file entry-v7.cif (mmCIF, C-alpha atoms and all ligand atoms)
data_data
loop_
_atom_site.label_atom_id
_atom_site.label_comp_id
_atom_site.auth_asym_id
_atom_site.auth_seq_id
_atom_site.Cartn_x
_atom_site.Cartn_y
_atom_site.Cartn_z
CA MET A 1 114.71 98.35 100.77
CA ASN A 2 118.33 98.96 101.71
CA GLU A 3 118.92 100.83 98.47
CA ASN A 4 115.97 103.05 99.19
CA ASP A 5 117.10 103.61 102.79
CA SER A 6 120.40 104.88 101.35
CA ILE A 7 118.60 107.26 98.97
CA GLN A 8 116.42 108.59 101.78
CA LEU A 9 119.41 109.06 104.08
CA SER A 10 121.34 110.85 101.38
CA ASN A 11 118.42 113.27 100.82
CA LEU A 12 118.09 113.85 104.55
CA LEU A 13 121.80 114.58 105.03
CA ILE A 14 121.90 117.00 102.11
CA GLN A 15 118.86 118.80 103.48
CA LYS A 16 119.71 118.86 107.19
CA LEU A 17 123.50 119.15 107.22
CA ASN A 18 123.91 121.13 104.03
CA ILE A 19 126.53 118.68 102.74
CA GLU A 20 127.10 117.25 99.26
CA PRO A 21 127.63 113.73 97.95
CA THR A 22 131.12 113.01 96.57
CA LYS A 23 131.95 110.96 93.51
CA THR A 24 134.83 109.09 95.11
CA LEU A 25 135.40 107.64 98.53
CA SER A 26 138.73 109.43 98.91
CA ASP A 27 136.98 112.82 98.71
CA ALA A 28 134.46 112.03 101.44
CA ASP A 29 134.52 113.42 104.98
CA ILE A 30 131.63 111.23 106.07
CA VAL A 31 131.26 107.62 104.96
CA ILE A 32 128.24 105.52 105.85
CA ILE A 33 128.06 101.79 105.16
CA ASN A 34 124.56 100.41 104.72
CA THR A 35 124.43 96.74 105.56
CA CYS A 36 122.51 93.49 105.05
CA SER A 37 122.43 90.56 107.47
CA VAL A 38 120.07 88.20 105.71
CA ARG A 39 122.90 85.74 105.08
CA GLU A 40 126.32 85.30 106.65
CA LYS A 41 128.35 86.36 103.60
CA PRO A 42 127.12 89.96 103.30
CA GLU A 43 127.60 90.28 107.05
CA HIS A 44 131.27 89.23 106.77
CA LYS A 45 131.69 91.66 103.93
CA VAL A 46 130.66 94.53 106.21
CA PHE A 47 133.58 93.91 108.52
CA SER A 48 136.10 93.56 105.69
CA GLU A 49 134.69 96.77 104.21
CA ILE A 50 135.14 98.54 107.57
CA GLY A 51 138.70 97.15 107.70
CA ARG A 52 139.54 98.97 104.45
CA PHE A 53 139.04 102.22 106.31
CA ALA A 54 142.04 101.68 108.57
CA LYS A 55 144.27 103.13 105.85
CA ILE A 56 141.92 105.88 104.68
CA LYS A 57 141.12 107.00 108.23
CA SER A 58 144.69 107.10 109.44
CA GLY A 59 145.59 110.13 107.33
CA ARG A 60 142.35 112.10 107.68
CA ASP A 61 139.53 112.75 110.08
CA ILE A 62 136.75 110.81 108.38
CA ILE A 63 133.51 110.00 110.16
CA LEU A 64 132.51 106.39 109.63
CA GLY A 65 128.95 105.20 110.31
CA VAL A 66 127.36 101.77 109.99
CA ILE A 67 123.63 101.52 109.39
CA GLY A 68 121.10 98.88 108.36
CA CYS A 69 120.52 95.33 109.49
CA VAL A 70 124.05 94.49 110.66
CA ALA A 71 124.06 97.75 112.64
CA GLN A 72 120.75 96.66 114.19
CA GLU A 73 122.08 93.19 114.94
CA TYR A 74 125.36 94.28 116.58
CA GLY A 75 124.56 97.69 118.07
CA GLN A 76 127.25 98.72 120.60
CA LYS A 77 129.10 95.43 119.97
CA ILE A 78 130.47 96.89 116.72
CA PHE A 79 132.68 99.19 118.81
CA SER A 80 134.32 96.23 120.53
CA LYS A 81 134.96 94.57 117.15
CA THR A 82 136.54 97.66 115.60
CA SER A 83 137.71 101.09 116.69
CA LEU A 84 137.19 102.55 113.21
CA VAL A 85 133.43 103.10 113.50
CA ASP A 86 132.10 106.38 114.96
CA PHE A 87 128.37 105.71 114.99
CA VAL A 88 125.88 102.91 114.52
CA ALA A 89 122.24 103.45 113.52
CA GLY A 90 119.67 100.66 113.39
CA THR A 91 116.85 100.16 110.92
CA HIS A 92 114.32 102.44 112.69
CA ASN A 93 116.83 105.22 113.32
CA ILE A 94 117.71 106.71 109.95
CA HIS A 95 115.94 109.97 110.83
CA LEU A 96 118.34 110.45 113.79
CA ILE A 97 121.54 110.20 111.74
CA PRO A 98 121.98 113.98 111.07
CA ASP A 99 121.93 114.56 114.86
CA MET A 100 124.26 111.62 115.43
CA ILE A 101 126.76 113.10 112.97
CA SER A 102 126.55 116.47 114.74
CA ASP A 103 127.24 114.68 118.03
CA VAL A 104 130.24 112.86 116.53
CA LEU A 105 131.57 116.22 115.31
CA LYS A 106 131.37 117.43 118.92
CA ASN A 107 133.66 114.51 119.72
CA ARG A 108 130.99 112.27 121.16
CA LYS A 109 132.14 109.20 119.27
CA GLY A 110 130.86 105.67 119.70
CA ILE A 111 127.14 106.41 119.56
CA ALA A 112 124.68 103.60 118.82
CA ASN A 113 120.94 104.05 118.29
CA ILE A 114 119.17 100.77 117.67
CA ALA A 115 115.83 101.32 119.40
CA PHE A 116 112.64 100.06 117.76
CA TYR A 117 109.61 102.37 117.74
CA ASP A 118 105.89 101.75 117.29
CA LYS A 119 105.84 104.38 114.56
CA ILE A 120 108.78 104.22 112.14
CA GLU A 121 109.51 107.86 111.34
CA SER A 122 112.28 107.10 108.88
CA LEU A 123 109.74 105.62 106.42
CA ASN A 124 108.48 109.15 105.81
CA ILE A 125 111.84 110.65 104.80
CA ALA A 126 111.50 111.93 101.22
CA THR A 127 112.90 109.58 98.62
CA SER A 128 113.98 110.37 95.06
CA PRO A 129 114.44 108.45 91.80
CA TYR A 130 117.10 105.74 91.72
CA ASP A 131 117.83 105.82 87.99
CA ASP A 132 119.97 108.38 86.13
CA TYR A 133 117.04 109.87 84.26
CA GLY A 134 114.69 110.29 87.18
CA VAL A 135 111.86 108.08 85.96
CA LYS A 136 111.92 105.23 88.47
CA ALA A 137 111.60 105.36 92.25
CA TYR A 138 111.19 103.05 95.22
CA VAL A 139 108.56 103.86 97.80
CA SER A 140 108.56 102.03 101.14
CA ILE A 141 105.00 101.30 102.21
CA MET A 142 105.64 99.09 105.22
CA GLN A 143 108.54 97.70 107.18
CA GLY A 144 109.10 94.72 109.42
CA CYS A 145 107.85 91.18 109.51
CA GLU A 146 106.04 88.99 112.02
CA ASN A 147 106.16 85.74 110.11
CA PHE A 148 109.26 84.36 111.83
CA CYS A 149 110.27 81.84 109.19
CA SER A 150 112.63 79.52 111.03
CA TYR A 151 115.72 80.54 109.02
CA CYS A 152 115.23 84.28 108.95
CA ILE A 153 116.82 87.15 110.85
CA VAL A 154 114.61 89.85 109.32
CA PRO A 155 111.88 90.00 112.03
CA PHE A 156 114.67 90.60 114.57
CA VAL A 157 116.48 93.34 112.66
CA ARG A 158 113.57 95.13 110.96
CA GLY A 159 111.11 94.78 113.85
CA LYS A 160 107.34 94.38 113.92
CA GLU A 161 105.17 95.09 110.91
CA TYR A 162 104.46 98.76 110.57
CA SER A 163 102.51 100.32 107.69
CA ARG A 164 102.91 103.86 106.53
CA LYS A 165 99.71 105.88 106.16
CA SER A 166 98.16 105.47 102.69
CA HIS A 167 97.68 109.23 102.57
CA ASP A 168 101.46 109.77 103.03
CA ILE A 169 102.27 107.13 100.41
CA TYR A 170 99.87 108.73 97.94
CA ASN A 171 101.35 112.20 98.51
CA GLU A 172 104.89 110.93 98.19
CA ILE A 173 104.12 109.27 94.85
CA LEU A 174 102.32 112.41 93.67
CA ARG A 175 105.43 114.43 94.52
CA LEU A 176 107.68 111.94 92.68
CA VAL A 177 105.44 111.99 89.61
CA GLN A 178 105.55 115.79 89.59
CA MET A 179 109.36 115.41 89.49
CA GLY A 180 109.06 113.20 86.37
CA VAL A 181 108.82 109.70 87.87
CA LYS A 182 106.83 107.24 85.72
CA GLU A 183 107.37 103.97 87.56
CA VAL A 184 107.24 103.21 91.28
CA THR A 185 108.17 100.02 93.08
CA LEU A 186 106.33 99.68 96.39
CA LEU A 187 108.54 98.11 99.02
CA GLY A 188 107.91 96.09 102.14
CA GLN A 189 109.08 92.85 103.76
CA ASN A 190 105.56 91.58 103.16
CA VAL A 191 103.45 94.05 101.18
CA ASN A 192 100.38 91.80 101.52
CA SER A 193 100.31 92.64 105.22
CA TYR A 194 99.98 96.33 104.40
CA GLY A 195 97.36 98.04 106.58
CA LYS A 196 96.27 94.84 108.31
CA LYS A 197 97.07 96.09 111.81
CA SER A 198 94.89 99.16 111.57
CA SER A 199 91.10 99.13 111.45
CA THR A 200 91.06 102.45 109.61
CA GLU A 201 93.75 101.78 106.99
CA ILE A 202 93.04 100.40 103.50
CA SER A 203 94.35 97.01 102.32
CA PHE A 204 97.22 96.49 99.90
CA PRO A 205 94.97 95.85 96.86
CA GLU A 206 93.01 99.01 97.79
CA LEU A 207 96.28 100.93 97.99
CA LEU A 208 97.08 99.78 94.45
CA TYR A 209 93.70 101.08 93.20
CA LYS A 210 94.21 104.36 95.04
CA ILE A 211 97.68 105.15 93.69
CA SER A 212 96.77 103.99 90.19
CA GLU A 213 94.57 107.09 90.00
CA ILE A 214 97.66 109.32 89.97
CA LYS A 215 97.89 110.92 86.53
CA GLY A 216 101.34 110.65 84.96
CA LEU A 217 102.21 107.47 86.87
CA ASP A 218 102.48 104.71 84.27
CA ARG A 219 103.86 101.67 86.00
CA ILE A 220 103.47 100.18 89.46
CA ARG A 221 105.56 97.29 90.75
CA PHE A 222 105.79 95.87 94.25
CA THR A 223 107.96 93.52 96.26
CA THR A 224 107.88 91.24 98.27
CA SER A 225 104.69 89.21 98.60
CA HIS A 226 104.25 86.27 100.93
CA PRO A 227 102.43 83.34 99.27
CA LYS A 228 100.36 82.61 102.38
CA ASP A 229 98.83 86.11 102.34
CA PHE A 230 98.40 86.39 98.57
CA GLY A 231 94.64 86.66 98.24
CA ASP A 232 92.25 86.68 95.27
CA ASP A 233 91.68 90.42 95.77
CA LEU A 234 95.34 91.00 94.92
CA VAL A 235 95.13 88.77 91.85
CA TYR A 236 92.17 90.82 90.62
CA ALA A 237 93.88 94.12 91.41
CA ILE A 238 96.85 93.11 89.24
CA LYS A 239 94.47 91.93 86.53
CA ASN A 240 92.22 95.01 86.61
CA ILE A 241 94.74 97.81 87.04
CA ASP A 242 96.63 98.35 83.78
CA LYS A 243 99.37 100.30 85.50
CA VAL A 244 100.27 97.38 87.77
CA CYS A 245 102.87 95.33 85.88
CA ASN A 246 101.90 91.71 85.29
CA GLN A 247 104.85 90.55 87.30
CA VAL A 248 104.92 89.11 90.82
CA HIS A 249 107.80 88.13 93.06
CA LEU A 250 106.45 85.20 95.05
CA PRO A 251 109.19 83.52 97.10
CA ILE A 252 108.59 79.78 97.44
CA GLN A 253 111.91 78.89 99.17
CA SER A 254 111.42 75.11 98.72
CA GLY A 255 109.17 72.73 96.80
CA SER A 256 109.17 70.10 99.56
CA ASN A 257 106.29 70.04 102.04
CA LYS A 258 108.55 68.64 104.73
CA ILE A 259 111.00 71.52 104.32
CA LEU A 260 108.26 74.16 104.01
CA LYS A 261 106.92 72.98 107.34
CA LEU A 262 110.35 73.10 108.97
CA MET A 263 110.79 76.57 107.50
CA LYS A 264 107.44 77.60 109.08
CA ARG A 265 106.33 79.16 105.82
CA GLY A 266 102.61 78.64 106.46
CA TYR A 267 101.79 77.05 103.07
CA SER A 268 102.24 73.72 101.33
CA ARG A 269 103.45 73.21 97.76
CA GLU A 270 99.80 72.56 96.82
CA ASP A 271 98.69 75.88 98.40
CA TYR A 272 101.47 77.65 96.51
CA LEU A 273 100.54 76.03 93.20
CA ASP A 274 96.87 77.02 93.75
CA LYS A 275 97.97 80.68 94.01
CA PHE A 276 100.22 80.28 91.01
CA TYR A 277 97.43 78.88 88.82
CA LYS A 278 95.05 81.57 90.05
CA LEU A 279 97.54 84.16 88.78
CA LYS A 280 98.30 82.31 85.56
CA ASP A 281 94.66 81.61 84.70
CA ASN A 282 93.55 85.19 85.35
CA ILE A 283 96.38 87.33 84.06
CA VAL A 284 97.65 87.07 80.50
CA ASP A 285 101.44 86.78 80.29
CA ILE A 286 101.89 86.95 84.07
CA ARG A 287 105.56 86.61 84.98
CA ILE A 288 106.54 85.10 88.31
CA THR A 289 109.92 85.34 89.99
CA THR A 290 110.94 83.67 93.23
CA ASP A 291 113.54 82.99 95.91
CA PHE A 292 114.92 79.54 96.73
CA ILE A 293 116.98 78.28 99.64
CA VAL A 294 118.90 75.05 99.04
CA GLY A 295 120.53 72.87 101.68
CA PHE A 296 118.07 73.80 104.40
CA PRO A 297 118.62 71.57 107.48
CA TYR A 298 117.43 67.99 106.84
CA GLU A 299 116.89 68.63 103.10
CA THR A 300 117.34 65.27 101.35
CA GLU A 301 117.96 64.67 97.65
CA GLU A 302 114.24 63.87 97.35
CA ASP A 303 113.29 67.21 98.95
CA PHE A 304 115.62 68.99 96.58
CA GLN A 305 114.04 67.18 93.61
CA ASP A 306 110.65 68.53 94.79
CA THR A 307 112.14 72.02 94.45
CA ILE A 308 113.40 71.20 90.95
CA LYS A 309 109.93 69.88 90.05
CA ILE A 310 108.30 73.12 91.13
CA LEU A 311 110.79 75.16 89.11
CA ASN A 312 109.90 73.03 86.06
CA GLU A 313 106.18 73.42 86.71
CA VAL A 314 106.00 77.16 87.46
CA LYS A 315 108.81 78.06 85.06
CA TYR A 316 109.87 81.20 86.86
CA ILE A 317 111.19 83.84 84.50
CA SER A 318 114.05 84.35 86.95
CA SER A 319 114.87 83.55 90.53
CA PHE A 320 117.25 84.32 93.35
CA SER A 321 118.70 81.22 94.95
CA PHE A 322 120.87 80.85 98.01
CA LYS A 323 122.63 78.22 100.06
CA TYR A 324 121.10 77.98 103.51
CA SER A 325 123.07 80.13 105.95
CA PRO A 326 122.38 79.81 109.71
CA ARG A 327 121.42 83.16 111.19
CA PRO A 328 121.53 84.41 114.77
CA PHE A 329 118.19 84.81 116.62
CA SER A 330 116.40 82.49 114.18
CA ASP A 331 115.00 79.13 115.35
CA ASN A 332 117.65 77.34 113.36
CA SER A 333 120.65 79.44 114.39
CA GLU A 334 122.55 76.37 115.59
CA ILE A 335 121.43 73.88 112.95
CA ASP A 336 123.18 73.32 109.63
CA THR A 337 123.05 69.68 108.62
CA VAL A 338 123.70 69.70 104.88
CA ASP A 339 127.32 69.56 103.78
CA ASP A 340 128.54 72.68 102.00
CA SER A 341 129.65 70.65 98.97
CA ILE A 342 126.10 69.28 98.62
CA LYS A 343 124.62 72.77 99.02
CA ARG A 344 126.96 74.01 96.28
CA LYS A 345 126.06 71.13 93.97
CA ARG A 346 122.31 71.65 94.47
CA LEU A 347 122.63 75.39 93.97
CA LYS A 348 124.42 74.86 90.67
CA ILE A 349 121.84 72.36 89.41
CA LEU A 350 119.03 74.75 90.29
CA GLN A 351 120.74 77.81 88.83
CA ASP A 352 121.65 75.99 85.59
CA LEU A 353 118.03 74.92 85.16
CA GLN A 354 116.84 78.46 85.90
CA LYS A 355 119.28 79.82 83.32
CA SER A 356 117.89 77.55 80.62
CA ILE A 357 114.28 78.51 81.50
CA THR A 358 115.15 82.22 81.47
CA LEU A 359 116.91 81.86 78.11
CA GLN A 360 113.85 80.09 76.69
CA TYR A 361 111.62 83.01 77.82
CA ASN A 362 114.04 85.37 76.11
CA LYS A 363 114.09 83.31 72.89
CA ASP A 364 110.28 83.10 72.90
CA SER A 365 110.18 86.91 72.98
CA VAL A 366 111.88 87.31 69.59
CA GLY A 367 109.37 88.92 67.21
CA LYS A 368 107.26 90.31 70.08
CA ILE A 369 106.70 94.02 70.67
CA PHE A 370 107.21 95.49 74.13
CA ASP A 371 106.59 98.88 75.70
CA ILE A 372 109.94 99.89 77.09
CA LEU A 373 110.62 102.60 79.65
CA VAL A 374 114.02 103.92 78.51
CA ASP A 375 116.15 104.44 81.59
CA SER A 376 119.79 104.50 80.45
CA SER A 377 122.28 104.36 77.65
CA SER A 378 123.29 100.75 77.05
CA LYS A 379 126.36 99.69 79.03
CA LYS A 380 127.95 98.08 75.96
CA SER A 381 127.46 100.64 73.21
CA GLN A 382 127.10 104.42 73.20
CA GLU A 383 124.54 104.41 70.37
CA GLU A 384 122.34 101.96 72.19
CA LEU A 385 119.66 102.80 74.67
CA SER A 386 118.46 100.49 77.37
CA GLY A 387 115.16 100.08 79.16
CA ARG A 388 112.90 97.58 80.84
CA SER A 389 109.87 95.66 79.68
CA TYR A 390 106.80 95.24 81.91
CA ASP A 391 108.36 92.02 83.20
CA ASN A 392 111.57 93.83 84.08
CA ARG A 393 113.81 92.37 81.39
CA ILE A 394 116.59 94.55 80.01
CA VAL A 395 116.01 95.51 76.37
CA ASN A 396 118.76 97.24 74.34
CA PHE A 397 118.09 99.00 71.04
CA LYS A 398 119.51 101.73 68.80
CA GLY A 399 117.94 105.09 69.43
CA ASP A 400 118.43 108.76 70.05
CA THR A 401 119.23 109.96 73.58
CA SER A 402 116.17 112.23 73.36
CA LEU A 403 114.18 109.08 74.11
CA LEU A 404 115.73 108.69 77.57
CA GLY A 405 113.02 108.70 80.23
CA LYS A 406 110.25 107.98 77.70
CA PHE A 407 108.15 104.97 76.78
CA VAL A 408 108.85 103.49 73.33
CA LYS A 409 107.74 100.39 71.42
CA VAL A 410 110.52 97.95 70.61
CA LYS A 411 110.33 94.79 68.49
CA ILE A 412 112.62 92.07 69.87
CA THR A 413 115.15 90.73 67.36
CA GLN A 414 117.71 88.87 69.50
CA ALA A 415 117.70 86.98 72.77
CA PHE A 416 120.59 86.61 75.22
CA GLN A 417 120.86 85.11 78.70
CA ASN A 418 120.49 88.37 80.59
CA SER A 419 119.00 90.76 78.06
CA LEU A 420 117.10 91.23 74.82
CA ARG A 421 117.95 93.32 71.77
CA GLY A 422 115.39 94.94 69.53
CA GLU A 423 114.44 97.58 66.98
CA LEU A 424 112.66 100.79 67.78
CA LEU A 425 109.26 100.96 66.07
N1 LIG B 501 119.87 81.46 104.44
C1 LIG B 501 119.77 81.55 103.10
N2 LIG B 501 118.92 82.36 102.47
C2 LIG B 501 118.12 83.13 103.24
N3 LIG B 501 117.16 84.02 102.92
C3 LIG B 501 116.65 84.54 104.06
N4 LIG B 501 117.26 83.99 105.13
C4 LIG B 501 118.17 83.11 104.64
C5 LIG B 501 119.09 82.23 105.25
N5 LIG B 501 119.19 82.13 106.58
C6 LIG B 501 116.76 84.29 101.54
C7 LIG B 501 115.29 83.90 101.30
C8 LIG B 501 114.61 85.23 101.22
C9 LIG B 501 115.69 86.11 100.63
C10 LIG B 501 115.51 87.56 100.80
O1 LIG B 501 116.87 85.68 101.28
O2 LIG B 501 115.22 83.21 100.06
O3 LIG B 501 113.43 85.21 100.45
FE1 LIG B 502 111.97 86.53 106.64
FE2 LIG B 502 109.84 84.95 106.37
FE3 LIG B 502 109.53 87.51 107.10
FE4 LIG B 502 110.30 86.96 104.59
S1 LIG B 502 108.32 86.37 105.54
S2 LIG B 502 111.19 88.51 105.96
S3 LIG B 502 111.58 85.14 104.89
S4 LIG B 502 110.54 85.90 108.29
#
call {"tool": "encode", "arguments": {"input": "entry-v7.cif", "output": "structure tokens"}}
result
Amino acid sequence: MNENDSIQLSNLLIQKLNIEPTKTLSDADIVIINTCSVREKPEHKVFSEIGRFAKIKSGRDIILGVIGCVAQEYGQKIFSKTSLVDFVAGTHNIHLIPDMISDVLKNRKGIANIAFYDKIESLNIATSPYDDYGVKAYVSIMQGCENFCSYCIVPFVRGKEYSRKSHDIYNEILRLVQMGVKEVTLLGQNVNSYGKKSSTEISFPELLYKISEIKGLDRIRFTTSHPKDFGDDLVYAIKNIDKVCNQVHLPIQSGSNKILKLMKRGYSREDYLDKFYKLKDNIVDIRITTDFIVGFPYETEEDFQDTIKILNEVKYISSFSFKYSPRPFSDNSEIDTVDDSIKRKRLKILQDLQKSITLQYNKDSVGKIFDILVDSSSKKSQEELSGRSYDNRIVNFKGDTSLLGKFVKVKITQAFQNSLRGELL
């Protein structure tokens, strides 16, 4: 979502202020840092990143803005932490940034806009493709979260759930497809909650059916889904709509019922496994990815082993895993009971196991044929092209650059940890 916010802001600034993006930081007159506060580490990084501007700013009159979740969290307080920042815009305020920059240019420095609104206007700023060949785009469909998991800052920095109108989403995708986009990823903190607050809006599965009618759109992905809201209607939508990739990101966080309860996730491991088997039994070759938190307060070795068991049972194709990091505003902001060395050890065990499962998926793919959307030249070799399979794995193969942006069939010949290699058919 942050990446897409940056794309939208860039489009808005080009359009409203008639300015151009630069290739290097040293050429820029305006620098905006988009930020994440979901864990402590990226938050610290923001302030070291701002610190780097002391040198750059001293010689020239550069405008420095901070936006995103850390901007939302700190607001005016950023100005007392550093004198280098000129403006701060929170997560609902992207649409105001052109005016804020104009104000800064009139010497009104130190402006912070972090208000939340009932209608999030910034969601409707035009987006554009994120890949070099203009075939893949993100489309935000909702923002905010009202689940209040006990560890999470997101409901406090992204605000209440707000869904964009399905009509606007449809038109935006239509516009992107007319530009050449073939794959969209629908974004939201909890896409399953899409439309639930409005009696007139369609549901998320209905939205999938609606946008799948767009001619020229070949692939639809979405992220993130909450297991507690993942209904049968969504399983059947994925199964029935060919364009929806058979791939679901379904964050479990922990395999221990005790920890899930403390996390206030609203499901048990049994509930989660029911949803998993519903997906697996209905959708051929469904690929599930997930998020894990290790070292959550009061997590014992036995709780952690429950997480390992679930990884072995579901066999996620890949996962994101993190050490628990106490976050302001959350229920657990003051609690952090598991020693960092234990967190580190558990994280390594989990990540090593995940690596071996991922590698096995990759090895099992040798000899299989995949439809690949070619989106770049391979990073390693000029003659090689690179693209993604339906389950989002990177596939490299020899081919002519005229294939960039197209779908091709590739037979897998070699498996690596983070990618596959194949032959063009
Ligand atoms: N500590 C560690 N990981 C966290 N996440 C969210 N909050 C925290 C936290 N306080 C992780 C969850 C979530 C992902 C986006 O970030 O796994 O799904
Ligand atoms: Fe955070 Fe939970 Fe909402 Fe996800 S569902 S954004 S983890 S509060």
call {"tool": "residues_near_ligand", "arguments": {"input": "entry-v7.cif", "ligand": "ligand LIG 501 (chain B)", "cutoff": "6 Å", "atoms": "all atoms listed in the file", "output": "VMD selection string"}}
result
chain A and resid 38 to 39 151 to 152 251 253 291 to 293 322 to 327
call {"tool": "residues_near_ligand", "arguments": {"input": "entry-v7.cif", "ligand": "ligand LIG 502 (chain B)", "cutoff": "6 Å", "atoms": "all atoms listed in the file", "output": "compact mmCIF listing (two decimals) with C-alpha atoms, in the frame of the given file"}}
result
# COMPACT_ATOMS: atom_id res chain seq x y z
CA CYS A 145 107.85 91.18 109.51
CA ASN A 147 106.16 85.74 110.11
CA PHE A 148 109.26 84.36 111.83
CA CYS A 149 110.27 81.84 109.19
CA CYS A 152 115.23 84.28 108.95
CA VAL A 154 114.61 89.85 109.32
CA PRO A 155 111.88 90.00 112.03
CA GLN A 189 109.08 92.85 103.76
call {"tool": "residues_around", "arguments": {"input": "entry-v7.cif", "residues": "Ser150 of chain A", "least_positions_apart": "2", "cutoff": "10 Å", "atoms": "all atoms listed in the file", "output": "PyMOL selection string"}}
result
chain A and resi 147-148+152-153+260-265+326-327+329-333
call {"tool": "closest_residue", "arguments": {"input": "entry-v7.cif", "among": "A:Gly144, A:Gly59, A:Pro205, A:Gly255", "to": "Leu234 of chain A", "atoms": "only C-alpha atoms"}}
result
A:Pro205
call {"tool": "residues_around", "arguments": {"input": "entry-v7.cif", "residues": "Ile114 of chain A", "least_positions_apart": "2", "cutoff": "7 Å", "atoms": "only C-alpha atoms", "output": "list in words"}}
result
Gln72, Gly75, Ala89, Gly90, Asn93, Ala112 and Phe116 of chain A
call {"tool": "closest_residue", "arguments": {"input": "entry-v7.cif", "among": "A:Lys355, A:Lys41, A:Lys160, A:Lys136", "to": "Ile173 of chain A", "atoms": "all atoms listed in the file"}}
result
A:Lys136
call {"tool": "closest_residue", "arguments": {"input": "entry-v7.cif", "among": "A:Ser225, A:Ser203, A:Ser140, A:Gln178", "to": "Asn190 of chain A", "atoms": "all atoms listed in the file"}}
result
A:Ser225
call {"tool": "atom_distance", "arguments": {"input": "entry-v7.cif", "atom1": "atom CA of Thr91 of chain A", "atom2": "atom CA of Ala115 of chain A"}}
result
8.6 Å
call {"tool": "closest_atom_pairs", "arguments": {"input": "entry-v7.cif", "of": "segment 315-413 of chain A", "to": "segment 129-133 of chain A", "cutoff": "9 Å", "atoms": "all atoms listed in the file", "output": "JSON lines"}}
result
{"residue": "A:Val374", "atom": "CA", "partner": "A:Tyr133", "partner_atom": "CA", "distance": 8.8}
{"residue": "A:Asp375", "atom": "CA", "partner": "A:Tyr133", "partner_atom": "CA", "distance": 6.1}
{"residue": "A:Ser376", "atom": "CA", "partner": "A:Asp132", "partner_atom": "CA", "distance": 6.9}
{"residue": "A:Leu404", "atom": "CA", "partner": "A:Tyr133", "partner_atom": "CA", "distance": 6.9}
{"residue": "A:Gly405", "atom": "CA", "partner": "A:Tyr133", "partner_atom": "CA", "distance": 5.8}
call {"tool": "closest_residue", "arguments": {"input": "entry-v7.cif", "among": "A:Phe276, A:Asp340, A:Asn192, A:Asn11", "to": "Lys315 of chain A", "atoms": "only C-alpha atoms"}}
result
A:Phe276
call {"tool": "residues_around", "arguments": {"input": "entry-v7.cif", "residues": "Ile310 of chain A", "least_positions_apart": "5", "cutoff": "12 Å", "atoms": "only C-alpha atoms", "output": "VMD selection string"}}
result
chain A and resid 252 to 257 268 to 270 272 to 273 276 290 292 303 to 305 315 to 316 350 353 to 354
call {"tool": "atom_distance", "arguments": {"input": "entry-v7.cif", "atom1": "atom CA of Arg52 of chain A", "atom2": "atom CA of Thr22 of chain A"}}
result
18.2 Å
call {"tool": "atom_distance", "arguments": {"input": "entry-v7.cif", "atom1": "atom CA of Glu40 of chain A", "atom2": "atom CA of Ile7 of chain A"}}
result
24.5 Å
call {"tool": "closest_residue", "arguments": {"input": "entry-v7.cif", "among": "A:Ala237, A:Asp61, A:His226, A:Phe296", "to": "Ile335 of chain A", "atoms": "all atoms listed in the file"}}
result
A:Phe296
call {"tool": "axis_aligned_box", "arguments": {"input": "entry-v7.cif", "around": "segment 250-262 of chain A", "padding_each_side": "5 Å", "output": "JSON"}}
result
{"center_x": 109.1, "center_y": 76.9, "center_z": 102.0, "size_x": 15.6, "size_y": 26.6, "size_z": 23.9}
call {"tool": "residues_near_point", "arguments": {"input": "entry-v7.cif", "point": "(101.2, 81.4, 91.7)", "cutoff": "10 Å", "atoms": "all atoms listed in the file", "output": "PyMOL selection string"}}
result
chain A and resi 227+230+235+248-252+271-281+286-289+314+316
call {"tool": "write_last_selection", "arguments": {"input": "entry-v7.cif", "atoms": "C-alpha atoms", "output": "mmCIF file, keeping the file's coordinate frame"}}
result
data_model
loop_
_atom_site.group_PDB
_atom_site.id
_atom_site.type_symbol
_atom_site.label_atom_id
_atom_site.label_comp_id
_atom_site.auth_asym_id
_atom_site.auth_seq_id
_atom_site.Cartn_x
_atom_site.Cartn_y
_atom_site.Cartn_z
ATOM 1 C CA PRO A 227 102.430 83.340 99.270
ATOM 2 C CA PHE A 230 98.400 86.390 98.570
ATOM 3 C CA VAL A 235 95.130 88.770 91.850
ATOM 4 C CA VAL A 248 104.920 89.110 90.820
ATOM 5 C CA HIS A 249 107.800 88.130 93.060
ATOM 6 C CA LEU A 250 106.450 85.200 95.050
ATOM 7 C CA PRO A 251 109.190 83.520 97.100
ATOM 8 C CA ILE A 252 108.590 79.780 97.440
ATOM 9 C CA ASP A 271 98.690 75.880 98.400
ATOM 10 C CA TYR A 272 101.470 77.650 96.510
ATOM 11 C CA LEU A 273 100.540 76.030 93.200
ATOM 12 C CA ASP A 274 96.870 77.020 93.750
ATOM 13 C CA LYS A 275 97.970 80.680 94.010
ATOM 14 C CA PHE A 276 100.220 80.280 91.010
ATOM 15 C CA TYR A 277 97.430 78.880 88.820
ATOM 16 C CA LYS A 278 95.050 81.570 90.050
ATOM 17 C CA LEU A 279 97.540 84.160 88.780
ATOM 18 C CA LYS A 280 98.300 82.310 85.560
ATOM 19 C CA ASP A 281 94.660 81.610 84.700
ATOM 20 C CA ILE A 286 101.890 86.950 84.070
ATOM 21 C CA ARG A 287 105.560 86.610 84.980
ATOM 22 C CA ILE A 288 106.540 85.100 88.310
ATOM 23 C CA THR A 289 109.920 85.340 89.990
ATOM 24 C CA VAL A 314 106.000 77.160 87.460
ATOM 25 C CA TYR A 316 109.870 81.200 86.860
#
